[in-house]
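This is run-v9.cif. It holds mmCIF, C-alpha atoms (C1' of nucleotides).
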```cif
data_my_file
#
loop_
_atom_site.label_atom_id
_atom_site.label_comp_id
_atom_site.auth_asym_id
_atom_site.auth_seq_id
_atom_site.Cartn_x
_atom_site.Cartn_y
_atom_site.Cartn_z
CA MET A 1 0.00 0.00 0.00
CA ARG A 2 1.36 3.33 -1.06
CA GLY A 3 -0.19 6.75 -0.93
CA VAL A 4 -1.92 8.16 2.10
CA ASP A 5 -2.38 4.75 3.71
CA ALA A 6 1.19 3.60 3.29
CA SER A 7 2.63 1.78 6.28
CA LEU A 8 4.67 4.14 8.43
CA GLU A 9 7.09 1.33 9.19
CA GLY A 10 7.56 0.82 5.49
CA ILE A 11 8.21 4.51 4.94
CA ALA A 12 10.78 4.54 7.72
CA ARG A 13 12.43 1.45 6.29
CA GLU A 14 12.66 2.97 2.83
CA ALA A 15 14.00 6.18 4.27
CA GLY A 16 16.70 4.20 6.08
CA VAL A 17 15.57 5.48 9.42
CA ALA A 18 14.08 3.87 12.51
CA ILE A 19 10.39 4.09 13.21
CA GLY A 20 11.04 6.14 16.35
CA THR A 21 12.85 8.77 14.32
CA LEU A 22 9.95 9.06 11.93
CA TYR A 23 7.61 9.63 14.85
CA ARG A 24 9.96 12.20 16.34
CA HIS A 25 9.79 14.29 13.19
CA PHE A 26 6.17 13.65 12.31
CA PRO A 27 4.10 12.86 15.38
CA THR A 28 1.05 11.95 13.29
CA ARG A 29 0.51 10.55 9.85
CA LEU A 30 -1.13 13.79 8.85
CA ASP A 31 1.98 15.79 9.74
CA LEU A 32 4.00 13.59 7.45
CA LEU A 33 1.41 13.79 4.73
CA LEU A 34 1.29 17.55 4.79
CA ALA A 35 5.07 17.79 4.69
CA ALA A 36 5.25 15.36 1.78
CA LEU A 37 2.50 17.12 -0.11
CA GLU A 38 3.73 20.63 0.47
CA PRO A 39 5.44 21.02 -2.92
CA ARG A 40 2.43 19.68 -4.82
CA LEU A 41 0.10 21.92 -2.91
CA ALA A 42 2.24 24.93 -3.59
CA GLU A 43 2.35 24.01 -7.25
CA LEU A 44 -1.40 23.60 -7.38
CA LEU A 45 -2.04 26.98 -5.80
CA ASP A 46 0.50 28.68 -8.07
CA GLU A 47 -0.98 27.13 -11.16
CA SER A 48 -4.43 28.03 -9.97
CA GLU A 49 -3.42 31.67 -9.77
CA ARG A 50 -2.03 31.47 -13.27
CA VAL A 51 -5.12 29.78 -14.65
CA MET A 52 -7.41 32.34 -13.07
CA GLY A 53 -5.60 34.90 -15.17
CA ILE A 54 -6.56 33.29 -18.47
CA ASP A 55 -9.06 35.48 -20.29
CA ASP A 56 -11.02 32.81 -22.11
CA PRO A 57 -13.38 31.34 -19.49
CA TRP A 58 -13.55 27.96 -21.17
CA ARG A 59 -9.80 27.68 -21.41
CA ALA A 60 -9.48 28.74 -17.78
CA PHE A 61 -11.94 26.07 -16.72
CA ALA A 62 -10.37 23.35 -18.82
CA SER A 63 -6.84 24.31 -17.83
CA TYR A 64 -7.73 24.25 -14.18
CA LEU A 65 -8.89 20.66 -14.43
CA GLU A 66 -6.01 19.68 -16.66
CA ASN A 67 -3.57 21.01 -14.08
CA LEU A 68 -5.29 19.33 -11.23
CA PHE A 69 -5.28 15.97 -12.96
CA ARG A 70 -1.68 16.32 -14.02
CA LEU A 71 -0.70 16.78 -10.39
CA GLN A 72 -2.92 13.93 -9.31
CA ALA A 73 -1.30 11.70 -11.88
CA GLY A 74 2.17 12.64 -10.70
CA ASP A 75 1.76 11.94 -7.00
CA ARG A 76 -0.10 9.05 -5.49
CA GLY A 77 -0.39 10.74 -2.11
CA PHE A 78 -1.73 13.92 -3.62
CA ASN A 79 -4.20 11.88 -5.60
CA ASP A 80 -5.47 10.29 -2.39
CA PHE A 81 -5.44 13.55 -0.54
CA LEU A 82 -7.72 15.26 -3.03
CA SER A 83 -10.57 12.82 -2.62
CA ARG A 84 -10.55 12.58 1.16
CA ARG A 85 -11.33 14.66 4.17
CA PHE A 86 -9.45 14.22 7.41
CA PRO A 87 -11.87 15.22 10.12
CA GLY A 88 -10.28 17.20 12.88
CA SER A 89 -7.40 18.63 10.92
CA ALA A 90 -7.93 22.36 10.50
CA GLU A 91 -5.02 22.55 8.08
CA THR A 92 -6.38 20.05 5.58
CA GLU A 93 -9.88 21.48 5.90
CA ARG A 94 -8.50 24.86 4.99
CA LEU A 95 -6.70 23.46 1.97
CA HIS A 96 -9.75 21.65 0.72
CA ASP A 97 -11.92 24.69 1.18
CA GLN A 98 -9.44 26.75 -0.75
CA ILE A 99 -9.43 24.30 -3.64
CA CYS A 100 -13.23 24.31 -3.60
CA GLU A 101 -13.24 28.07 -3.88
CA HIS A 102 -10.99 27.93 -6.89
CA ILE A 103 -13.23 25.36 -8.51
CA ASP A 104 -16.24 27.57 -7.88
CA GLU A 105 -14.43 30.49 -9.38
CA VAL A 106 -13.47 28.93 -12.72
CA LEU A 107 -16.75 27.07 -12.92
CA ILE A 108 -19.02 30.04 -12.32
CA ARG A 109 -17.03 32.24 -14.66
CA ALA A 110 -17.39 29.67 -17.42
CA GLN A 111 -21.07 29.29 -16.73
CA ASP A 112 -21.64 33.04 -16.73
CA ALA A 113 -19.95 33.16 -20.11
CA GLY A 114 -22.32 30.45 -21.31
CA VAL A 115 -19.60 27.96 -22.20
CA VAL A 116 -20.32 25.45 -19.44
CA ARG A 117 -23.83 24.10 -19.00
CA PRO A 118 -25.58 25.82 -16.12
CA ASP A 119 -26.80 22.71 -14.34
CA ILE A 120 -23.28 21.69 -13.30
CA ALA A 121 -22.36 22.34 -9.69
CA ARG A 122 -19.31 22.18 -7.50
CA GLY A 123 -20.33 18.71 -6.43
CA ASP A 124 -20.02 17.45 -9.98
CA ILE A 125 -16.45 18.60 -10.21
CA VAL A 126 -15.59 17.05 -6.87
CA THR A 127 -17.18 13.83 -8.04
CA LEU A 128 -15.07 14.02 -11.15
CA ILE A 129 -12.00 14.30 -8.96
CA TRP A 130 -12.95 11.14 -7.05
CA SER A 131 -13.56 9.31 -10.27
CA SER A 132 -10.38 10.36 -11.92
CA SER A 133 -8.48 9.52 -8.79
CA ARG A 134 -9.50 5.90 -9.22
CA MET A 135 -8.71 5.90 -12.87
CA ILE A 136 -5.31 7.46 -12.34
CA ASP A 137 -4.51 4.87 -9.69
CA ALA A 138 -5.35 2.10 -12.07
CA THR A 139 -3.47 3.42 -15.08
CA SER A 140 -0.55 5.27 -13.53
CA VAL A 141 1.95 2.60 -14.56
CA THR A 142 0.40 1.15 -17.66
CA ALA A 143 -0.93 4.27 -19.37
CA PRO A 144 0.18 7.40 -17.55
CA ASN A 145 -1.64 9.72 -19.92
CA ALA A 146 -4.93 7.92 -20.04
CA TRP A 147 -6.51 10.55 -17.80
CA ARG A 148 -6.25 13.09 -20.61
CA ARG A 149 -8.70 11.12 -22.68
CA GLN A 150 -11.21 10.82 -19.86
CA LEU A 151 -10.88 14.50 -19.07
CA ALA A 152 -11.53 15.38 -22.69
CA LEU A 153 -14.64 13.22 -22.64
CA MET A 154 -15.82 14.84 -19.44
CA LEU A 155 -15.23 18.29 -20.87
CA ASP A 156 -17.47 17.35 -23.76
CA ALA A 157 -20.14 16.55 -21.21
CA TYR A 158 -19.69 19.90 -19.49
CA ARG A 159 -19.97 22.03 -22.61
CA ALA A 160 -23.09 24.10 -22.75
CA PRO A 161 -24.85 23.36 -26.02
CA ARG A 162 -27.20 20.42 -26.37
CA ALA A 163 -27.10 19.44 -22.72
CA HIS A 164 -29.73 16.91 -21.68
CA PRO A 165 -31.47 17.37 -18.34
CA LEU A 166 -29.88 15.63 -15.37
CA PRO A 167 -31.98 13.25 -13.30
CA GLU A 168 -30.64 13.97 -9.82
CA PRO A 169 -29.68 17.16 -8.00
CA PRO A 170 -25.98 17.78 -7.45
CA LEU A 171 -24.44 16.65 -4.17
CA THR A 172 -24.76 19.15 -1.37
CA ASP A 173 -21.75 20.26 0.62
CA GLU A 174 -22.76 17.98 3.49
CA GLN A 175 -23.05 15.01 1.17
CA LEU A 176 -19.66 15.79 -0.30
CA TYR A 177 -18.11 16.04 3.13
CA ASP A 178 -19.60 12.78 4.36
CA ALA A 179 -18.56 11.00 1.21
CA MET A 180 -14.98 12.20 1.46
CA VAL A 181 -14.72 11.14 5.08
CA ARG A 182 -16.10 7.78 4.07
CA LEU A 183 -13.48 7.36 1.36
CA ASN A 184 -11.00 7.54 4.19
CA ALA A 185 -11.95 4.44 6.05
CA ALA A 186 -13.25 2.30 3.26
CA ASP A 187 -11.43 0.68 0.48
CA MET B 188 -13.16 -2.79 5.39
CA ARG B 189 -16.12 -4.23 3.56
CA GLY B 190 -16.47 -5.46 0.04
CA VAL B 191 -14.01 -7.79 -1.59
CA ASP B 192 -11.29 -7.07 0.95
CA ALA B 193 -13.42 -7.61 4.03
CA SER B 194 -11.74 -9.53 6.81
CA LEU B 195 -12.72 -13.18 6.69
CA GLU B 196 -12.66 -13.32 10.47
CA GLY B 197 -15.08 -10.42 10.56
CA ILE B 198 -17.39 -12.12 8.08
CA ALA B 199 -17.38 -15.28 10.15
CA ARG B 200 -18.06 -13.26 13.29
CA GLU B 201 -20.99 -11.48 11.71
CA ALA B 202 -22.34 -14.74 10.38
CA GLY B 203 -22.18 -16.18 13.88
CA VAL B 204 -19.88 -18.93 12.75
CA ALA B 205 -16.31 -19.87 13.55
CA ILE B 206 -13.52 -19.08 11.18
CA GLY B 207 -12.85 -22.76 10.61
CA THR B 208 -16.39 -23.30 9.44
CA LEU B 209 -16.08 -20.48 6.97
CA TYR B 210 -12.96 -22.06 5.54
CA ARG B 211 -14.65 -25.43 5.35
CA HIS B 212 -17.38 -24.05 3.13
CA PHE B 213 -15.26 -21.60 1.15
CA PRO B 214 -11.65 -22.72 0.96
CA THR B 215 -10.56 -19.45 -0.65
CA ARG B 216 -11.74 -15.89 -0.53
CA LEU B 217 -12.64 -16.12 -4.17
CA ASP B 218 -14.96 -19.07 -3.56
CA LEU B 219 -16.83 -17.02 -1.01
CA LEU B 220 -16.91 -14.02 -3.27
CA LEU B 221 -18.35 -15.95 -6.17
CA ALA B 222 -21.00 -17.51 -3.96
CA ALA B 223 -21.92 -14.14 -2.52
CA LEU B 224 -22.04 -12.54 -5.93
CA GLU B 225 -23.93 -15.28 -7.67
CA PRO B 226 -27.37 -13.61 -7.47
CA ARG B 227 -26.01 -10.28 -8.70
CA LEU B 228 -24.20 -11.91 -11.55
CA ALA B 229 -27.28 -13.83 -12.56
CA GLU B 230 -29.29 -10.62 -12.43
CA LEU B 231 -26.73 -8.80 -14.53
CA LEU B 232 -26.71 -11.48 -17.20
CA ASP B 233 -30.50 -11.66 -17.25
CA GLU B 234 -30.83 -7.94 -17.56
CA SER B 235 -28.19 -7.90 -20.24
CA GLU B 236 -30.23 -10.34 -22.29
CA ARG B 237 -33.26 -8.14 -21.85
CA VAL B 238 -31.41 -5.00 -22.79
CA MET B 239 -29.99 -6.57 -25.91
CA GLY B 240 -33.53 -7.03 -27.03
CA ILE B 241 -34.34 -3.34 -26.97
CA ASP B 242 -34.76 -2.07 -30.51
CA ASP B 243 -33.54 1.48 -30.07
CA PRO B 244 -29.72 1.21 -30.03
CA TRP B 245 -29.29 4.30 -27.87
CA ARG B 246 -31.78 3.09 -25.32
CA ALA B 247 -30.13 -0.32 -25.28
CA PHE B 248 -26.73 1.25 -24.66
CA ALA B 249 -27.99 3.61 -21.97
CA SER B 250 -30.07 0.91 -20.29
CA TYR B 251 -27.15 -1.45 -20.20
CA LEU B 252 -25.08 1.06 -18.27
CA GLU B 253 -27.98 2.06 -16.08
CA ASN B 254 -28.47 -1.55 -15.10
CA LEU B 255 -24.85 -2.14 -14.43
CA PHE B 256 -24.58 0.90 -12.20
CA ARG B 257 -27.74 0.05 -10.34
CA LEU B 258 -26.29 -3.33 -9.46
CA GLN B 259 -22.97 -1.76 -8.54
CA ALA B 260 -24.75 0.66 -6.26
CA GLY B 261 -26.66 -2.11 -4.55
CA ASP B 262 -23.75 -4.36 -3.67
CA ARG B 263 -20.40 -3.29 -2.42
CA GLY B 264 -18.76 -6.57 -3.30
CA PHE B 265 -20.13 -6.53 -6.80
CA ASN B 266 -18.94 -2.98 -7.17
CA ASP B 267 -15.41 -4.07 -6.24
CA PHE B 268 -15.61 -7.16 -8.37
CA LEU B 269 -16.39 -5.23 -11.52
CA SER B 270 -13.26 -3.13 -11.43
CA ARG B 271 -10.80 -5.86 -10.60
CA ARG B 272 -9.23 -8.89 -12.13
CA PHE B 273 -8.23 -11.88 -10.07
CA PRO B 274 -5.35 -13.48 -11.90
CA GLY B 275 -5.46 -17.22 -11.90
CA SER B 276 -9.19 -17.66 -11.48
CA ALA B 277 -10.64 -19.03 -14.67
CA GLU B 278 -14.15 -18.47 -13.39
CA THR B 279 -13.80 -14.74 -12.81
CA GLU B 280 -11.90 -14.31 -16.04
CA ARG B 281 -14.77 -15.91 -17.87
CA LEU B 282 -17.28 -13.63 -16.20
CA HIS B 283 -15.31 -10.53 -16.99
CA ASP B 284 -14.86 -11.56 -20.57
CA GLN B 285 -18.54 -12.18 -20.89
CA ILE B 286 -19.37 -8.74 -19.52
CA CYS B 287 -16.87 -7.22 -21.92
CA GLU B 288 -18.57 -8.94 -24.81
CA HIS B 289 -21.90 -7.49 -23.80
CA ILE B 290 -20.39 -4.05 -23.56
CA ASP B 291 -18.94 -4.44 -27.02
CA GLU B 292 -22.27 -5.54 -28.35
CA VAL B 293 -24.37 -2.62 -27.13
CA LEU B 294 -21.60 -0.16 -27.85
CA ILE B 295 -20.95 -1.23 -31.42
CA ARG B 296 -24.62 -1.39 -32.22
CA ALA B 297 -25.09 2.16 -30.97
CA GLN B 298 -22.08 3.34 -32.91
CA ASP B 299 -23.24 1.63 -36.10
CA ALA B 300 -26.54 3.42 -35.68
CA GLY B 301 -24.66 6.69 -35.36
CA VAL B 302 -25.98 7.54 -31.91
CA VAL B 303 -22.74 7.03 -29.98
CA ARG B 304 -19.60 8.83 -31.11
CA PRO B 305 -17.34 6.50 -33.07
CA ASP B 306 -14.13 7.27 -31.19
CA ILE B 307 -15.34 5.56 -28.01
CA ALA B 308 -13.91 2.14 -27.30
CA ARG B 309 -14.49 -0.68 -24.88
CA GLY B 310 -11.71 0.72 -22.70
CA ASP B 311 -13.63 3.92 -22.18
CA ILE B 312 -16.59 2.04 -20.79
CA VAL B 313 -14.40 -0.04 -18.52
CA THR B 314 -12.79 3.15 -17.31
CA LEU B 315 -16.21 4.54 -16.63
CA ILE B 316 -16.95 1.49 -14.51
CA TRP B 317 -13.82 2.07 -12.43
CA SER B 318 -14.71 5.69 -11.97
CA SER B 319 -18.29 5.08 -11.03
CA SER B 320 -17.19 2.38 -8.65
CA ARG B 321 -15.29 4.97 -6.64
CA MET B 322 -18.16 7.41 -6.76
CA ILE B 323 -20.68 4.81 -5.68
CA ASP B 324 -18.45 3.81 -2.78
CA ALA B 325 -18.30 7.37 -1.64
CA THR B 326 -21.97 8.20 -1.93
CA SER B 327 -23.66 4.88 -1.22
CA VAL B 328 -24.84 6.00 2.20
CA THR B 329 -25.21 9.73 1.78
CA ALA B 330 -26.70 9.95 -1.69
CA PRO B 331 -27.55 6.51 -3.05
CA ASN B 332 -28.82 7.87 -6.35
CA ALA B 333 -25.99 10.22 -7.11
CA TRP B 334 -24.60 7.82 -9.71
CA ARG B 335 -27.61 8.54 -11.93
CA ARG B 336 -26.52 12.11 -12.36
CA GLN B 337 -22.96 11.16 -13.25
CA LEU B 338 -24.17 8.54 -15.67
CA ALA B 339 -26.41 11.08 -17.36
CA LEU B 340 -23.46 13.43 -17.71
CA MET B 341 -21.31 10.68 -19.15
CA LEU B 342 -24.03 9.72 -21.60
CA ASP B 343 -24.02 13.30 -22.81
CA ALA B 344 -20.33 12.88 -23.47
CA TYR B 345 -20.90 9.69 -25.42
CA ARG B 346 -23.57 11.05 -27.71
CA ALA B 347 -22.46 11.36 -31.25
CA PRO B 348 -23.18 14.87 -32.46
CA ARG B 349 -21.12 17.07 -30.16
CA ALA B 350 -17.88 15.16 -30.09
CA HIS B 351 -14.55 16.92 -29.87
CA PRO B 352 -11.43 14.96 -30.77
CA LEU B 353 -9.86 12.96 -27.98
CA PRO B 354 -6.19 13.49 -27.19
CA GLU B 355 -5.13 9.93 -26.30
CA PRO B 356 -5.93 6.53 -27.76
CA PRO B 357 -8.25 4.29 -25.77
CA LEU B 358 -6.73 1.76 -23.40
CA THR B 359 -5.76 -1.51 -25.00
CA ASP B 360 -6.93 -4.81 -23.59
CA GLU B 361 -3.52 -5.39 -22.03
CA GLN B 362 -3.58 -2.00 -20.37
CA LEU B 363 -7.04 -2.67 -19.04
CA TYR B 364 -6.00 -6.03 -17.68
CA ASP B 365 -2.91 -4.67 -15.94
CA ALA B 366 -4.86 -1.82 -14.48
CA MET B 367 -7.53 -4.08 -13.08
CA VAL B 368 -4.99 -6.38 -11.49
CA ARG B 369 -3.34 -3.33 -10.02
CA LEU B 370 -6.60 -2.13 -8.48
CA ASN B 371 -6.52 -5.39 -6.59
CA ALA B 372 -3.46 -4.80 -4.52
CA ALA B 373 -3.43 -1.07 -4.23
CA ASP B 374 -6.02 1.22 -2.79
"C1'" DC C 375 37.16 17.30 28.80
"C1'" DG C 376 32.42 17.20 31.06
"C1'" DT C 377 27.68 18.21 30.42
"C1'" DC C 378 23.56 18.46 28.36
"C1'" DA C 379 20.14 18.88 24.93
"C1'" DA C 380 18.77 17.29 20.52
"C1'" DG C 381 18.22 13.64 17.89
"C1'" DG C 382 18.09 8.55 16.80
"C1'" DT C 383 17.04 3.57 17.91
"C1'" DG C 384 14.36 -0.62 17.95
"C1'" DA C 385 12.30 -3.90 21.22
"C1'" DG C 386 7.86 -4.59 22.89
"C1'" DG C 387 2.82 -4.33 23.88
"C1'" DC C 388 -1.35 -4.33 21.51
"C1'" DA C 389 -4.45 -5.22 17.80
"C1'" DC C 390 -5.72 -7.34 13.50
"C1'" DC C 391 -5.64 -10.76 10.12
"C1'" DC C 392 -4.52 -15.18 7.60
"C1'" DC C 393 -4.95 -19.97 7.51
"C1'" DT C 394 -4.37 -24.74 9.63
"C1'" DC C 395 -5.49 -28.49 12.36
"C1'" DC C 396 -7.02 -31.30 15.93
"C1'" DG C 397 -10.47 -32.24 19.05
"C1'" DG C 398 -15.53 -31.99 19.85
"C1'" DT C 399 -20.44 -32.33 18.30
"C1'" DT C 400 -24.31 -34.01 15.75
"C1'" DG C 401 -27.32 -36.88 13.57
"C1'" DC C 402 -28.36 -40.83 10.91
"C1'" DG C 403 -28.18 -45.81 9.38
"C1'" DG C 404 -27.66 -50.15 11.26
"C1'" DC D 405 -27.65 -47.78 21.46
"C1'" DC D 406 -23.27 -47.65 18.51
"C1'" DG D 407 -20.28 -46.04 15.18
"C1'" DC D 408 -19.09 -43.17 11.68
"C1'" DA D 409 -19.03 -39.41 8.62
"C1'" DA D 410 -19.99 -34.87 8.10
"C1'" DC D 411 -19.71 -30.74 10.27
"C1'" DC D 412 -18.19 -27.09 13.63
"C1'" DG D 413 -15.13 -24.60 16.81
"C1'" DG D 414 -11.42 -21.91 18.09
"C1'" DA D 415 -6.63 -22.03 19.81
"C1'" DG D 416 -2.36 -21.15 17.85
"C1'" DG D 417 1.63 -19.98 14.79
"C1'" DG D 418 3.09 -16.57 11.64
"C1'" DG D 419 2.69 -12.14 9.68
"C1'" DT D 420 1.98 -6.91 9.56
"C1'" DG D 421 1.10 -2.53 11.44
"C1'" DC D 422 0.58 1.18 15.14
"C1'" DC D 423 2.74 3.74 18.57
"C1'" DT D 424 5.57 4.30 22.96
"C1'" DC D 425 9.46 4.58 25.72
"C1'" DA D 426 13.77 3.76 27.90
"C1'" DC D 427 18.18 3.89 26.27
"C1'" DC D 428 22.09 5.39 23.22
"C1'" DT D 429 24.81 8.72 20.11
"C1'" DT D 430 26.39 13.14 18.73
"C1'" DG D 431 28.09 17.47 18.86
"C1'" DA D 432 28.20 22.24 20.66
"C1'" DC D 433 29.71 24.98 24.33
"C1'" DG D 434 31.78 26.38 28.67
#
```

Please go through the file and, once you have read it, give me the structure as structure tokens.
Amino acid sequence: MRGVDASLEGIAREAGVAIGTLYRHFPTRLDLLLAALEPRLAELLDESERVMGIDDPWRAFASYLENLFRLQAGDRGFNDFLSRRFPGSAETERLHDQICEHIDEVLIRAQDAGVVRPDIARGDIVTLIWSSSRMIDATSVTAPNAWRRQLALMLDAYRAPRAHPLPEPPLTDEQLYDAMVRLNAAD
Amino acid sequence: MRGVDASLEGIAREAGVAIGTLYRHFPTRLDLLLAALEPRLAELLDESERVMGIDDPWRAFASYLENLFRLQAGDRGFNDFLSRRFPGSAETERLHDQICEHIDEVLIRAQDAGVVRPDIARGDIVTLIWSSSRMIDATSVTAPNAWRRQLALMLDAYRAPRAHPLPEPPLTDEQLYDAMVRLNAAD
DNA sequence: CGTCAAGGTGAGGCACCCCTCCGGTTGCGG
DNA sequence: CCGCAACCGGAGGGGTGCCTCACCTTGACG
């Protein structure tokens, strides 16, 4: 098991360090995770800034997702991190909320410009992130660029013209939260 | 942990039976899985027959997926089963191959009729199954019908008339196989 | 060179889990 | 009522992982 659920003893072993030393530096798994993810998170936030600056609302929206998936594909831990919530950690809650705000921003701008269908909501994008996370896991070795194809397909679904009505309402914030906590324990 | 990776000791406990008894009836985890999944598999194959009989190729295609997802949503083990391969088990290989054939059948018929974009391949549907499997896991308690919305979105992506070119080729059969074996160990 | 704090170590207690195997139970035909 | 086969139970050996804690090293400074 790699990623967020990797064995701490295994990590220590690979790092050539004793388990006690690992615990000295990172008292909890979450401390280690945040330290390991720091560069990816910084990169994501940087790229988000850049993408927000793109004039074309569709390109901004598509580039945001493309960036996110690229980072997911490059880091197993980051991939896990994005689809989970860690209840009780203010730091990770803050990060997730920030990412959600960015999603809202590119999404709403694209919808206001009429290039993304209006019945899409934040929850749909978060769901897409869960889904792609699974797909990226599966294909990371065998077909590291496969996610690009699925993203392109999904973007076709998000485009405004000729949208068919959707049968269910989008997930609410509470439903999203519960689901992400649940992805923690399960699997 | 529930689903395919559930602890056998836990299953025995819940069944009010000793671990030895469980092993007597089901020598391997796969034996137990196949027994537990038997009704779902029968239902899937029945429904597949029925769906093949639908005249409208688009409705047949959409109904096939709708059925599959409904069954996935109703059974955690079945949900796991669909996105994994168990190397060395002829029985599960046969089942997976059979499902793949059904997918090919409804897909190709819809493409021949011009209602599904021609650049979709079997691998895209399998990928969709992986993705939805993750989503269904996440939302099974909180929003048990959420998968319908994602399926509707995906169907919009599969429709023929609004297709944009896809950047990567579809996954080959070997890539699919490797990925599904990989989903076994990881997570 | 002595002291002390900072950092590193890994055995050990606890909790699961896998799977085996031997002894106990049950119920049915004779 | 006996004997036997089919069935059941659960202790136990082996493995992994979590986390703690008492002990050991190192190096800076007076």

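Here, the PyMOL selection byres ((chain C) within 10 of (chain B)) matches DC390, DC391, DC392, DC393, DT394 and DC395 of chain C.
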
File dump, residues just selected, C-alpha atoms (C1' of nucleotides), as a PDB file, keeping the file's coordinate frame:
```
ATOM      1  C1'  DC C 390      -5.720  -7.340  13.500  1.00  0.00           C
ATOM      2  C1'  DC C 391      -5.640 -10.760  10.120  1.00  0.00           C
ATOM      3  C1'  DC C 392      -4.520 -15.180   7.600  1.00  0.00           C
ATOM      4  C1'  DC C 393      -4.950 -19.970   7.510  1.00  0.00           C
ATOM      5  C1'  DT C 394      -4.370 -24.740   9.630  1.00  0.00           C
ATOM      6  C1'  DC C 395      -5.490 -28.490  12.360  1.00  0.00           C
TER       7       DC C 395
END
```

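Contacts from chain B to chain D at a cut-off of 10 Å (all atoms listed in the file) map to Val204, Ala205, Ile206, Gly207, Thr208, Leu209 and Arg211 of chain B.
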
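Atom to atom, atom CA of Asp218 of chain B and atom CA of Leu258 of chain B stand 20.3 Å apart.
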
Could you work out which residues of chain A fall inside 7 Å of chain B? Count only C-alpha atoms, and format the result as a short mmCIF file (atom, residue, chain, number, x, y, z; two decimals) with C-alpha atoms, in the frame of the given file.
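Dumped to out-v6.cif:
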```
data_model
loop_
_atom_site.label_atom_id
_atom_site.label_comp_id
_atom_site.auth_asym_id
_atom_site.auth_seq_id
_atom_site.Cartn_x
_atom_site.Cartn_y
_atom_site.Cartn_z
CA MET A 1 0.00 0.00 0.00
CA THR A 127 -17.18 13.83 -8.04
CA TRP A 130 -12.95 11.14 -7.05
CA SER A 131 -13.56 9.31 -10.27
CA SER A 132 -10.38 10.36 -11.92
CA ARG A 134 -9.50 5.90 -9.22
CA MET A 135 -8.71 5.90 -12.87
CA ALA A 138 -5.35 2.10 -12.07
CA THR A 139 -3.47 3.42 -15.08
CA THR A 142 0.40 1.15 -17.66
CA ALA A 143 -0.93 4.27 -19.37
CA ALA A 146 -4.93 7.92 -20.04
CA ARG A 148 -6.25 13.09 -20.61
CA ARG A 149 -8.70 11.12 -22.68
CA ALA A 152 -11.53 15.38 -22.69
CA LEU A 153 -14.64 13.22 -22.64
CA MET A 154 -15.82 14.84 -19.44
CA ASP A 156 -17.47 17.35 -23.76
CA ALA A 157 -20.14 16.55 -21.21
CA ALA A 163 -27.10 19.44 -22.72
CA HIS A 164 -29.73 16.91 -21.68
CA LEU A 166 -29.88 15.63 -15.37
CA PRO A 167 -31.98 13.25 -13.30
CA GLU A 168 -30.64 13.97 -9.82
CA GLN A 175 -23.05 15.01 1.17
CA ASP A 178 -19.60 12.78 4.36
CA ALA A 179 -18.56 11.00 1.21
CA MET A 180 -14.98 12.20 1.46
CA ARG A 182 -16.10 7.78 4.07
CA LEU A 183 -13.48 7.36 1.36
CA ALA A 186 -13.25 2.30 3.26
CA ASP A 187 -11.43 0.68 0.48
#
```

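The two atoms in question, atom CA of Arg59 of chain A and atom CA of Gln98 of chain A, are spaced 20.7 Å apart.
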
Can you turn the PyMOL selection byres ((chain A and resi 41-48) around 9) into a concrete residue list for this file, as a list in words? Leu34, Leu37, Glu38, Pro39, Arg40, Glu49, Arg50, Val51, Met52, Gly53, Tyr64, Asn67, Leu68, Leu71, Phe78, Leu95, Gln98, Ile99 and His102 of chain A
